[in-house]
Amino acid sequence: MVIPPAVRPLRVMQYLKPYVLKMHFTNKYLSAQVVHTPTATVASAASSQEKALRASMECTRDVAAAAKIGKILGERLLFKDIPAVSVHLKREQKYHGKVKAVIDSLREAGIKLL
């Protein structure tokens, strides 16, 4: 059974950013996804758990892996014609290290950050 997403009022919808970048880091892996907020669906995602990426990475949890994840996510977003995303950082995430690597590689791939 598929549960449809909740319908948000128009006054709330006009302040939401359409595409939001969310990142998650564990002790073993990194993942980043872009969520389309009006429909609450994942527009694109990249993770160091993907089998094709693990073979080309030395370590799946360092800054170099984060940069590669950002680059691949940027290419996938451009392929789906998504030119801009906004960044959602959790409370404990700062613009430093892995977070900075993902965001900078998205910029280098040609994605505009709002």
# chains A, B, ... in the order shown; residues from 1 in each chain; ligands from 1

call {"tool": "select_by_dssp", "arguments": {"residues": "chain A", "states": "alpha helix (DSSP H)", "output": "number ranges by chain"}}
result
A: 10-13, 51-54, 63-79, 98-109

call {"tool": "write_last_selection", "arguments": {"atoms": "C-alpha atoms", "output": "PDB file, in the first residue's frame"}}
result
ATOM      1  CA  LEU A  10      -0.074  27.036  -0.300  1.00  0.00           C
ATOM      2  CA  ARG A  11       1.210  29.597   2.204  1.00  0.00           C
ATOM      3  CA  VAL A  12       3.769  27.061   3.439  1.00  0.00           C
ATOM      4  CA  MET A  13       4.697  25.836  -0.040  1.00  0.00           C
ATOM      5  CA  LYS A  51      29.050  -1.359  -5.411  1.00  0.00           C
ATOM      6  CA  ALA A  52      30.375   0.474  -8.469  1.00  0.00           C
ATOM      7  CA  LEU A  53      31.905   3.229  -6.322  1.00  0.00           C
ATOM      8  CA  ARG A  54      33.465   1.054  -3.621  1.00  0.00           C
ATOM      9  CA  VAL A  63      37.301  13.558   2.732  1.00  0.00           C
ATOM     10  CA  ALA A  64      38.386  12.240  -0.673  1.00  0.00           C
ATOM     11  CA  ALA A  65      35.398   9.886  -0.708  1.00  0.00           C
ATOM     12  CA  ALA A  66      33.129  12.801   0.230  1.00  0.00           C
ATOM     13  CA  ALA A  67      34.472  14.830  -2.687  1.00  0.00           C
ATOM     14  CA  LYS A  68      33.857  11.927  -5.057  1.00  0.00           C
ATOM     15  CA  ILE A  69      30.295  11.477  -3.753  1.00  0.00           C
ATOM     16  CA  GLY A  70      29.626  15.194  -4.339  1.00  0.00           C
ATOM     17  CA  LYS A  71      31.011  15.024  -7.862  1.00  0.00           C
ATOM     18  CA  ILE A  72      28.886  11.993  -8.766  1.00  0.00           C
ATOM     19  CA  LEU A  73      25.787  13.545  -7.199  1.00  0.00           C
ATOM     20  CA  GLY A  74      26.393  16.744  -9.190  1.00  0.00           C
ATOM     21  CA  GLU A  75      26.620  14.775 -12.438  1.00  0.00           C
ATOM     22  CA  ARG A  76      23.394  12.924 -11.630  1.00  0.00           C
ATOM     23  CA  LEU A  77      21.606  16.190 -10.834  1.00  0.00           C
ATOM     24  CA  LEU A  78      22.696  17.776 -14.120  1.00  0.00           C
ATOM     25  CA  PHE A  79      21.543  14.642 -15.952  1.00  0.00           C
ATOM     26  CA  LYS A  98      33.528  16.108   4.646  1.00  0.00           C
ATOM     27  CA  VAL A  99      30.605  18.545   4.463  1.00  0.00           C
ATOM     28  CA  LYS A 100      32.821  21.135   2.784  1.00  0.00           C
ATOM     29  CA  ALA A 101      34.172  18.512   0.356  1.00  0.00           C
ATOM     30  CA  VAL A 102      30.671  17.464  -0.754  1.00  0.00           C
ATOM     31  CA  ILE A 103      29.449  21.045  -1.175  1.00  0.00           C
ATOM     32  CA  ASP A 104      32.571  22.242  -3.004  1.00  0.00           C
ATOM     33  CA  SER A 105      32.514  19.324  -5.426  1.00  0.00           C
ATOM     34  CA  LEU A 106      28.835  20.031  -6.142  1.00  0.00           C
ATOM     35  CA  ARG A 107      29.793  23.610  -6.989  1.00  0.00           C
ATOM     36  CA  GLU A 108      32.603  22.389  -9.262  1.00  0.00           C
ATOM     37  CA  ALA A 109      30.156  20.077 -11.038  1.00  0.00           C
TER      38      ALA A 109
END

call {"tool": "atom_distance", "arguments": {"atom1": "atom CA of A:Leu113", "atom2": "atom CA of A:Tyr19"}}
result
10.1 Å

call {"tool": "select_by_dssp", "arguments": {"residues": "stretch 18-91 of chain A", "states": "strand (DSSP E or B)", "output": "PyMOL selection string"}}
result
chain A and resi 19-25+30-36+41-47+84-88

call {"tool": "closest_residue", "arguments": {"among": "A:Val85, A:Ala55, A:Ala40, A:Ala46", "to": "A:Pro5", "atoms": "only C-alpha atoms"}}
result
A:Ala40

call {"tool": "atom_distance", "arguments": {"atom1": "atom CA of A:Glu50", "atom2": "atom CA of A:Ser31"}}
result
9.7 Å

call {"tool": "atom_distance", "arguments": {"atom1": "atom CA of A:Ala6", "atom2": "atom CA of A:Thr26"}}
result
29.5 Å
